[in-house]
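Text of query.csv, listed as CSV, N, CA and C atoms:
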chain,number,residue,atom,x,y,z
W,15,GLY,N,0.8,-1.2,0.0
W,15,GLY,CA,0.0,0.0,0.0
W,15,GLY,C,0.8,1.3,0.0
W,16,PHE,N,0.2,2.4,-0.3
W,16,PHE,CA,0.8,3.6,-0.3
W,16,PHE,C,0.5,4.4,1.0
W,17,PHE,N,1.4,5.3,1.4
W,17,PHE,CA,1.2,6.3,2.4
W,17,PHE,C,0.8,7.6,1.8
W,18,SER,N,-0.5,7.8,1.6
W,18,SER,CA,-1.0,8.9,0.8
W,18,SER,C,-1.7,9.9,1.7
W,19,CYS,N,-1.2,11.1,1.7
W,19,CYS,CA,-1.7,12.1,2.6
W,19,CYS,C,-2.1,13.4,1.9
W,20,TRP,N,-1.7,13.7,0.7
W,20,TRP,CA,-1.9,14.9,0.0
W,20,TRP,C,-2.6,14.6,-1.3
W,21,LEU,N,-3.6,15.4,-1.6
W,21,LEU,CA,-4.3,15.2,-2.9
W,21,LEU,C,-4.8,16.6,-3.4
W,22,THR,N,-5.1,16.6,-4.7
W,22,THR,CA,-5.6,17.8,-5.3
W,22,THR,C,-6.5,17.4,-6.4
W,23,TYR,N,-7.6,18.1,-6.6
W,23,TYR,CA,-8.6,17.8,-7.6
W,23,TYR,C,-8.7,19.0,-8.6
W,24,ASP,N,-8.7,18.7,-9.9
W,24,ASP,CA,-8.8,19.7,-10.9
W,24,ASP,C,-10.1,19.5,-11.6
W,25,SER,N,-11.0,20.5,-11.4
W,25,SER,CA,-12.3,20.4,-12.1
W,25,SER,C,-12.3,20.6,-13.6
W,26,THR,N,-11.3,21.3,-14.1
W,26,THR,CA,-11.2,21.5,-15.5
W,26,THR,C,-11.0,20.3,-16.3
W,27,ASN,N,-10.3,19.3,-15.8
W,27,ASN,CA,-10.1,18.0,-16.5
W,27,ASN,C,-10.6,16.8,-15.7
W,28,ALA,N,-11.3,17.1,-14.6
W,28,ALA,CA,-11.9,16.0,-13.7
W,28,ALA,C,-10.9,15.0,-13.3
W,29,CYS,N,-9.7,15.5,-12.9
W,29,CYS,CA,-8.6,14.6,-12.5
W,29,CYS,C,-8.3,14.8,-11.0
W,30,LEU,N,-8.0,13.7,-10.4
W,30,LEU,CA,-7.6,13.8,-9.0
W,30,LEU,C,-6.1,13.2,-8.9
W,31,TYR,N,-5.3,14.0,-8.2
W,31,TYR,CA,-3.9,13.6,-8.1
W,31,TYR,C,-3.5,13.4,-6.7
W,32,LEU,N,-2.8,12.3,-6.4
W,32,LEU,CA,-2.5,11.9,-5.0
W,32,LEU,C,-1.0,11.8,-4.8
W,33,ALA,N,-0.5,12.4,-3.8
W,33,ALA,CA,0.9,12.3,-3.5
W,33,ALA,C,1.1,11.2,-2.5
W,34,ASN,N,2.0,10.3,-2.8
W,34,ASN,CA,2.3,9.1,-2.0
W,34,ASN,C,3.7,9.2,-1.5
W,35,SER,N,3.9,9.3,-0.2
W,35,SER,CA,5.2,9.5,0.4
W,35,SER,C,6.0,8.2,0.6
W,36,ALA,N,5.3,7.1,0.8
W,36,ALA,CA,6.0,5.8,1.1
W,36,ALA,C,5.1,4.7,0.6
W,37,PRO,N,5.6,3.5,0.3
W,37,PRO,CA,7.0,3.1,0.4
W,37,PRO,C,7.9,3.7,-0.7
W,38,GLN,N,7.3,4.0,-1.8
W,38,GLN,CA,8.0,4.6,-2.9
W,38,GLN,C,7.4,6.0,-3.2
W,39,GLY,N,8.1,7.0,-3.3
W,39,GLY,CA,7.6,8.3,-3.5
W,39,GLY,C,7.0,8.4,-4.9
W,40,SER,N,5.8,8.8,-5.0
W,40,SER,CA,5.1,8.9,-6.3
W,40,SER,C,3.9,9.8,-6.3
W,41,VAL,N,3.4,10.0,-7.5
W,41,VAL,CA,2.1,10.7,-7.7
W,41,VAL,C,1.2,9.8,-8.4
W,42,SER,N,0.0,9.6,-8.0
W,42,SER,CA,-1.0,8.7,-8.7
W,42,SER,C,-2.0,9.6,-9.3
W,43,SER,N,-2.6,9.2,-10.4
W,43,SER,CA,-3.7,10.0,-11.0
W,43,SER,C,-4.9,9.2,-11.2
W,44,PHE,N,-6.1,9.9,-11.1
W,44,PHE,CA,-7.4,9.2,-11.1
W,44,PHE,C,-8.3,10.1,-12.0
W,45,ALA,N,-9.2,9.5,-12.8
W,45,ALA,CA,-10.2,10.1,-13.5
W,45,ALA,C,-11.5,10.1,-12.6
W,46,VAL,N,-12.2,11.3,-12.5
W,46,VAL,CA,-13.3,11.4,-11.6
W,46,VAL,C,-14.6,11.6,-12.5
W,47,GLY,N,-15.5,10.7,-12.4
W,47,GLY,CA,-16.8,10.8,-13.1
W,47,GLY,C,-17.8,10.2,-12.2
W,48,ASP,N,-18.7,9.3,-12.7
W,48,ASP,CA,-19.6,8.6,-11.9
W,48,ASP,C,-18.9,7.8,-10.9
W,49,GLU,N,-17.7,7.3,-11.2
W,49,GLU,CA,-16.8,6.6,-10.4
W,49,GLU,C,-15.4,7.2,-10.4
W,50,ILE,N,-14.6,6.9,-9.4
W,50,ILE,CA,-13.2,7.3,-9.4
W,50,ILE,C,-12.4,6.1,-10.0
W,51,VAL,N,-11.7,6.3,-11.1
W,51,VAL,CA,-11.0,5.3,-11.7
W,51,VAL,C,-9.5,5.6,-11.7
W,52,ILE,N,-8.6,4.7,-11.3
W,52,ILE,CA,-7.2,4.9,-11.3
W,52,ILE,C,-6.7,4.9,-12.8
W,53,VAL,N,-6.0,6.0,-13.1
W,53,VAL,CA,-5.4,6.1,-14.4
W,53,VAL,C,-4.0,5.6,-14.4
W,54,ASP,N,-3.2,6.0,-13.4
W,54,ASP,CA,-1.8,5.6,-13.4
W,54,ASP,C,-1.4,5.7,-11.9
W,55,ALA,N,-1.0,4.5,-11.4
W,55,ALA,CA,-0.6,4.4,-10.0
W,55,ALA,C,0.8,5.1,-9.8
W,56,LEU,N,1.6,5.1,-10.8
W,56,LEU,CA,2.9,5.8,-10.8
W,56,LEU,C,3.0,6.8,-11.9
W,57,ALA,N,2.1,7.8,-11.8
W,57,ALA,CA,2.1,8.9,-12.8
W,57,ALA,C,3.4,9.7,-12.8
W,58,GLY,N,4.0,9.8,-11.6
W,58,GLY,CA,5.3,10.4,-11.4
W,58,GLY,C,6.0,9.8,-10.3
W,59,GLU,N,7.3,9.6,-10.4
W,59,GLU,CA,8.1,9.1,-9.3
W,59,GLU,C,9.0,10.2,-8.8
W,60,LEU,N,9.1,10.3,-7.5
W,60,LEU,CA,9.9,11.3,-6.9
W,60,LEU,C,10.2,11.0,-5.4
W,61,ASN,N,11.0,11.8,-4.8
W,61,ASN,CA,11.5,11.5,-3.4
W,61,ASN,C,10.5,12.0,-2.4
W,62,GLY,N,9.6,11.1,-1.9
W,62,GLY,CA,8.7,11.4,-0.8
W,62,GLY,C,8.0,12.7,-0.8
W,63,PRO,N,7.1,12.9,-1.8
W,63,PRO,CA,6.4,14.2,-1.9
W,63,PRO,C,5.6,14.5,-0.6
W,64,LEU,N,5.6,15.9,-0.3
W,64,LEU,CA,4.9,16.4,0.8
W,64,LEU,C,3.6,17.1,0.5
W,65,GLU,N,3.6,17.9,-0.6
W,65,GLU,CA,2.5,18.7,-1.0
W,65,GLU,C,2.2,18.5,-2.4
W,66,ILE,N,1.0,18.8,-2.9
W,66,ILE,CA,0.6,18.7,-4.3
W,66,ILE,C,-0.5,19.7,-4.6
W,67,VAL,N,-0.3,20.4,-5.7
W,67,VAL,CA,-1.2,21.4,-6.1
W,67,VAL,C,-1.3,21.4,-7.7
W,68,THR,N,-2.5,21.9,-8.2
W,68,THR,CA,-2.6,22.0,-9.6
W,68,THR,C,-2.6,23.5,-10.0
W,69,SER,N,-2.2,23.8,-11.2
W,69,SER,CA,-2.2,25.2,-11.7
W,69,SER,C,-3.7,25.6,-11.9
W,70,VAL,N,-3.9,26.9,-12.0
W,70,VAL,CA,-5.3,27.4,-12.1
W,70,VAL,C,-6.1,26.8,-13.2
W,71,GLY,N,-5.5,26.6,-14.4
W,71,GLY,CA,-6.1,26.1,-15.6
W,71,GLY,C,-6.0,24.6,-15.7
W,72,GLY,N,-5.3,23.9,-14.7
W,72,GLY,CA,-5.2,22.5,-14.7
W,72,GLY,C,-4.2,21.9,-15.6
W,73,GLU,N,-3.4,22.8,-16.3
W,73,GLU,CA,-2.4,22.3,-17.2
W,73,GLU,C,-1.2,21.7,-16.5
W,74,HIS,N,-0.9,22.1,-15.3
W,74,HIS,CA,0.3,21.6,-14.6
W,74,HIS,C,-0.1,21.1,-13.2
W,75,VAL,N,0.7,20.2,-12.7
W,75,VAL,CA,0.7,19.7,-11.3
W,75,VAL,C,2.1,19.9,-10.7
W,76,TYR,N,2.1,20.4,-9.5
W,76,TYR,CA,3.4,20.6,-8.8
W,76,TYR,C,3.4,19.9,-7.5
W,77,THR,N,4.5,19.3,-7.1
W,77,THR,CA,4.6,18.7,-5.8
W,77,THR,C,6.0,19.0,-5.2
W,78,LEU,N,6.0,19.1,-3.9
W,78,LEU,CA,7.2,19.4,-3.2
W,78,LEU,C,7.9,18.1,-2.6
W,79,SER,N,9.1,17.9,-2.9
W,79,SER,CA,9.9,16.8,-2.4
W,79,SER,C,10.9,17.3,-1.4
W,80,PRO,N,11.0,16.8,-0.2
W,80,PRO,CA,11.9,17.3,0.8
W,80,PRO,C,13.4,16.9,0.6
W,81,GLY,N,13.6,15.8,-0.2
W,81,GLY,CA,15.0,15.4,-0.4
W,81,GLY,C,15.6,14.6,0.7
W,82,VAL,N,14.7,14.0,1.5
W,82,VAL,CA,15.2,13.3,2.7
W,82,VAL,C,15.3,11.8,2.4
W,83,SER,N,14.3,11.2,1.7
W,83,SER,CA,14.3,9.7,1.6
W,83,SER,C,15.3,9.2,0.6
W,84,ASP,N,15.8,10.0,-0.3
W,84,ASP,CA,16.9,9.5,-1.2
W,84,ASP,C,18.3,9.8,-0.7
W,85,GLY,N,18.4,10.5,0.5
W,85,GLY,CA,19.7,10.8,1.1
W,85,GLY,C,20.4,12.0,0.5
W,86,SER,N,19.8,12.6,-0.5
W,86,SER,CA,20.4,13.8,-1.1
W,86,SER,C,20.3,15.0,-0.3
W,87,GLY,N,19.2,15.1,0.5
W,87,GLY,CA,19.0,16.3,1.3
W,87,GLY,C,18.7,17.5,0.6
W,88,GLN,N,18.4,17.4,-0.7
W,88,GLN,CA,18.1,18.5,-1.6
W,88,GLN,C,16.7,18.6,-2.0
W,89,PRO,N,15.9,19.5,-1.4
W,89,PRO,CA,14.5,19.7,-1.7
W,89,PRO,C,14.3,20.1,-3.2
W,90,ARG,N,13.2,19.8,-3.8
W,90,ARG,CA,12.9,20.2,-5.1
W,90,ARG,C,11.4,20.3,-5.3
W,91,ILE,N,11.0,21.2,-6.2
W,91,ILE,CA,9.6,21.3,-6.7
W,91,ILE,C,9.6,20.6,-8.0
W,92,PHE,N,8.7,19.6,-8.1
W,92,PHE,CA,8.6,18.8,-9.4
W,92,PHE,C,7.4,19.4,-10.1
W,93,GLY,N,7.5,19.7,-11.4
W,93,GLY,CA,6.5,20.1,-12.2
W,93,GLY,C,6.1,19.1,-13.3
W,94,TYR,N,4.8,18.9,-13.5
W,94,TYR,CA,4.3,17.9,-14.4
W,94,TYR,C,3.3,18.6,-15.4
W,95,GLN,N,3.4,18.2,-16.7
W,95,GLN,CA,2.4,18.6,-17.6
W,95,GLN,C,1.2,17.6,-17.5
W,96,ALA,N,0.0,18.1,-17.3
W,96,ALA,CA,-1.2,17.2,-17.2
W,96,ALA,C,-2.0,17.3,-18.5
W,97,ASP,N,-2.4,16.1,-18.9
W,97,ASP,CA,-3.3,16.1,-20.1
W,97,ASP,C,-4.8,15.8,-19.7
W,98,SER,N,-5.7,15.9,-20.7
W,98,SER,CA,-7.1,15.7,-20.4
W,98,SER,C,-7.4,14.3,-19.9
W,99,GLY,N,-6.5,13.4,-20.1
W,99,GLY,CA,-6.8,12.0,-19.7
W,99,GLY,C,-6.2,11.7,-18.3
W,100,CYS,N,-5.7,12.7,-17.6
W,100,CYS,CA,-5.2,12.6,-16.3
W,100,CYS,C,-3.8,11.9,-16.2
W,101,HIS,N,-3.1,12.0,-17.4
W,101,HIS,CA,-1.7,11.5,-17.4
W,101,HIS,C,-0.8,12.6,-17.1
W,102,LEU,N,0.4,12.3,-16.5
W,102,LEU,CA,1.4,13.4,-16.2
W,102,LEU,C,2.7,13.1,-16.9
W,103,GLU,N,3.4,14.2,-17.3
W,103,GLU,CA,4.7,14.1,-17.8
W,103,GLU,C,5.6,15.1,-17.0
W,104,GLN,N,6.7,14.6,-16.4
W,104,GLN,CA,7.5,15.5,-15.7
W,104,GLN,C,8.2,16.4,-16.6
W,105,VAL,N,8.1,17.8,-16.3
W,105,VAL,CA,8.8,18.8,-17.2
W,105,VAL,C,9.8,19.6,-16.4
W,106,GLN,N,9.8,19.5,-15.1
W,106,GLN,CA,10.7,20.3,-14.3
W,106,GLN,C,11.1,19.6,-13.0
W,107,ALA,N,12.3,19.8,-12.4
W,107,ALA,CA,12.7,19.5,-11.1
W,107,ALA,C,13.5,20.6,-10.6
W,108,ILE,N,13.0,21.5,-9.8
W,108,ILE,CA,13.6,22.8,-9.4
W,108,ILE,C,14.2,22.7,-8.0
W,109,PRO,N,15.5,22.8,-7.9
W,109,PRO,CA,16.1,22.8,-6.6
W,109,PRO,C,16.4,24.3,-6.1
W,110,ASP,N,16.3,25.2,-7.0
W,110,ASP,CA,16.7,26.6,-6.7
W,110,ASP,C,15.9,27.2,-5.5
W,111,GLY,N,16.6,27.9,-4.7
W,111,GLY,CA,16.0,28.6,-3.5
W,111,GLY,C,15.9,27.7,-2.3
W,112,PHE,N,16.3,26.5,-2.3
W,112,PHE,CA,16.3,25.6,-1.2
W,112,PHE,C,17.7,25.3,-0.7
W,113,GLY,N,18.0,25.4,0.5
W,113,GLY,CA,19.3,24.9,1.1
W,113,GLY,C,19.1,23.4,1.2
W,114,THR,N,20.3,22.7,1.3
W,114,THR,CA,20.2,21.3,1.6
W,114,THR,C,19.8,21.0,3.0
W,115,GLU,N,19.5,19.8,3.3
W,115,GLU,CA,19.2,19.4,4.7
W,115,GLU,C,20.4,19.8,5.6
W,116,GLN,N,21.6,19.6,5.2
W,116,GLN,CA,22.8,19.9,6.0
W,116,GLN,C,22.9,21.4,6.2
W,117,ASP,N,22.6,22.2,5.2
W,117,ASP,CA,22.6,23.7,5.3
W,117,ASP,C,21.6,24.1,6.4
W,118,ARG,N,20.4,23.5,6.4
W,118,ARG,CA,19.4,23.9,7.3
W,118,ARG,C,19.7,23.4,8.7
W,119,ARG,N,20.4,22.3,8.9
W,119,ARG,CA,20.8,21.8,10.2
W,119,ARG,C,21.9,22.8,10.7
W,120,ASP,N,22.9,23.1,9.9
W,120,ASP,CA,23.9,24.0,10.3
W,120,ASP,C,23.4,25.4,10.7
W,121,ALA,N,22.4,25.9,10.0
W,121,ALA,CA,21.8,27.2,10.4
W,121,ALA,C,21.0,27.1,11.6
W,122,GLY,N,20.5,26.0,12.0
W,122,GLY,CA,19.6,25.8,13.2
W,122,GLY,C,20.3,25.1,14.3
W,123,ASN,N,21.7,25.2,14.4
W,123,ASN,CA,22.4,24.6,15.5
W,123,ASN,C,22.1,23.1,15.6
W,124,ASP,N,22.1,22.4,14.5
W,124,ASP,CA,21.9,21.0,14.3
W,124,ASP,C,20.4,20.6,14.6
W,125,VAL,N,19.5,21.5,14.6
W,125,VAL,CA,18.1,21.2,14.7
W,125,VAL,C,17.5,21.1,13.3
W,126,PHE,N,16.9,20.0,13.0
W,126,PHE,CA,16.3,19.9,11.7
W,126,PHE,C,15.2,20.8,11.4
W,127,ASN,N,15.3,21.5,10.3
W,127,ASN,CA,14.2,22.5,9.9
W,127,ASN,C,13.9,22.2,8.5
W,128,GLY,N,12.9,21.3,8.3
W,128,GLY,CA,12.5,20.8,7.0
W,128,GLY,C,11.7,21.8,6.2
W,129,VAL,N,11.5,21.5,4.9
W,129,VAL,CA,10.6,22.3,4.0
W,129,VAL,C,9.2,21.8,4.1
W,130,MET,N,8.3,22.7,4.1
W,130,MET,CA,6.8,22.4,4.1
W,130,MET,C,6.1,23.5,3.3
W,131,GLY,N,5.0,23.1,2.7
W,131,GLY,CA,4.1,24.0,2.1
W,131,GLY,C,4.4,24.3,0.6
W,132,LEU,N,3.4,24.5,-0.2
W,132,LEU,CA,3.6,24.8,-1.6
W,132,LEU,C,2.4,25.6,-2.1
W,133,ALA,N,2.7,26.8,-2.6
W,133,ALA,CA,1.6,27.7,-3.2
W,133,ALA,C,2.0,28.1,-4.6
W,134,ILE,N,1.0,28.0,-5.5
W,134,ILE,CA,1.3,28.4,-6.9
W,134,ILE,C,0.3,29.5,-7.2
W,135,TYR,N,0.9,30.6,-7.7
W,135,TYR,CA,0.1,31.8,-8.1
W,135,TYR,C,0.1,32.0,-9.6
W,136,PRO,N,-1.0,32.3,-10.2
W,136,PRO,CA,-1.0,32.6,-11.6
W,136,PRO,C,-0.1,33.8,-12.0
W,137,ASN,N,0.5,33.7,-13.2
W,137,ASN,CA,1.3,34.7,-13.7
W,137,ASN,C,0.4,35.7,-14.4
W,138,PRO,N,0.3,37.0,-14.0
W,138,PRO,CA,-0.6,38.0,-14.6
W,138,PRO,C,-0.3,38.4,-16.0
W,139,ASN,N,0.9,38.0,-16.5
W,139,ASN,CA,1.3,38.4,-17.9
W,139,ASN,C,0.8,37.4,-18.9
Show how you would write the structure in this file as structure tokens.
Amino acid sequence: GFFSCWLTYDSTNACLYLANSAPQGSVSSFAVGDEIVIVDALAGELNGPLEIVTSVGGEHVYTLSPGVSDGSGQPRIFGYQADSGCHLEQVQAIPDGFGTEQDRRDAGNDVFNGVMGLAIYPNPN
């Protein structure tokens, strides 16, 4: 089974996306109609996702990976292109703006200060 805690629903394409932190970090996708049907149990594979959101128009799905479960200690935001059939294709893995786990421990006198939260705002241009 999956340890699934975070989900997002996009009404423009009737897709539900679920972030699964363990045992294998992944994103699952589901089509929502009269029934909820799994489209892809491993629509995206990544390091223990914590948060998941869709863009305003439903074209993209973003998830935050803390970088702890693969030992890298490097958090990333993963971006996926979403299609009308609830399939995802990874298009970005952004490490910019995050310190590594060791950087955060050093800054906090060896107290772990992880990353949490993800907000996506539309570009007005």
Polymer residues at most 12 Å from Val46 of chain W, only C-alpha atoms, same-chain spacing of 6 or more positions, as number ranges by chain = W: 22-31, 52-53, 98-100
Between atom C of Leu78 of chain W and atom N of Val51 of chain W, measure the distance and give it in Å to one decimal.
->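 Between atom C of Leu78 of chain W and atom N of Val51 of chain W the gap is 24.4 Å.
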Which residue of W:Phe92, W:Glu49, W:Gly62, W:Ala121 approaches Asn34 of chain W most closely, using only N, CA and C atoms =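 The shortest atom-to-atom distance to Asn34 of chain W comes from W:Gly62.
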Segment 112-115 of chain W environment, 6 Å, only N, CA and C atoms, sequence neighbours closer than 4 positions dropped, as a list of chain:residue names =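 Returned residues: W:Gly87, W:Gln88, W:Pro89, W:Arg119, W:Asp120.
Note that atom CA of Gly81 of chain W and atom CA of Thr68 of chain W are 20.9 Å apart.
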If you measure from atom CA of Ile66 of chain W to atom C of Ala33 of chain W, what distance in Å do you get, rounded to one decimal?
->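 Those two atoms sit 7.7 Å apart.
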Find the residues near Ala55 of chain W: any atom within 10 Å, counting only C-alpha atoms, skip ones fewer than 4 places away on the same chain, and give them as a PDB file with N, CA and C atoms, in the frame of the given file.
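Contents of out_26.pdb, freshly written:
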ATOM      1  N   PHE W  16       0.200   2.400  -0.300  1.00  0.00           N
ATOM      2  CA  PHE W  16       0.800   3.600  -0.300  1.00  0.00           C
ATOM      3  C   PHE W  16       0.500   4.400   1.000  1.00  0.00           C
ATOM      4  N   TYR W  31      -5.300  14.000  -8.200  1.00  0.00           N
ATOM      5  CA  TYR W  31      -3.900  13.600  -8.100  1.00  0.00           C
ATOM      6  C   TYR W  31      -3.500  13.400  -6.700  1.00  0.00           C
ATOM      7  N   LEU W  32      -2.800  12.300  -6.400  1.00  0.00           N
ATOM      8  CA  LEU W  32      -2.500  11.900  -5.000  1.00  0.00           C
ATOM      9  C   LEU W  32      -1.000  11.800  -4.800  1.00  0.00           C
ATOM     10  N   ASN W  34       2.000  10.300  -2.800  1.00  0.00           N
ATOM     11  CA  ASN W  34       2.300   9.100  -2.000  1.00  0.00           C
ATOM     12  C   ASN W  34       3.700   9.200  -1.500  1.00  0.00           C
ATOM     13  N   SER W  40       5.800   8.800  -5.000  1.00  0.00           N
ATOM     14  CA  SER W  40       5.100   8.900  -6.300  1.00  0.00           C
ATOM     15  C   SER W  40       3.900   9.800  -6.300  1.00  0.00           C
ATOM     16  N   VAL W  41       3.400  10.000  -7.500  1.00  0.00           N
ATOM     17  CA  VAL W  41       2.100  10.700  -7.700  1.00  0.00           C
ATOM     18  C   VAL W  41       1.200   9.800  -8.400  1.00  0.00           C
ATOM     19  N   SER W  42       0.000   9.600  -8.000  1.00  0.00           N
ATOM     20  CA  SER W  42      -1.000   8.700  -8.700  1.00  0.00           C
ATOM     21  C   SER W  42      -2.000   9.600  -9.300  1.00  0.00           C
ATOM     22  N   SER W  43      -2.600   9.200 -10.400  1.00  0.00           N
ATOM     23  CA  SER W  43      -3.700  10.000 -11.000  1.00  0.00           C
ATOM     24  C   SER W  43      -4.900   9.200 -11.200  1.00  0.00           C
ATOM     25  N   PHE W  44      -6.100   9.900 -11.100  1.00  0.00           N
ATOM     26  CA  PHE W  44      -7.400   9.200 -11.100  1.00  0.00           C
ATOM     27  C   PHE W  44      -8.300  10.100 -12.000  1.00  0.00           C
ATOM     28  N   GLU W  59       7.300   9.600 -10.400  1.00  0.00           N
ATOM     29  CA  GLU W  59       8.100   9.100  -9.300  1.00  0.00           C
ATOM     30  C   GLU W  59       9.000  10.200  -8.800  1.00  0.00           C
TER      31      GLU W  59
END
Could you tell me which of W:Trp20, W:Glu103, W:Asp110, W:Ala57 comes closest to Ile91 of chain W if we count all atoms listed in the file?
->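 Selected residue with least distance to Ile91 of chain W: W:Asp110.
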Mind checking DSSP for segment 69-125 of chain W and telling me the alpha helix (DSSP H) residues as a PyMOL selection string?
-> chain W and resi 115-121
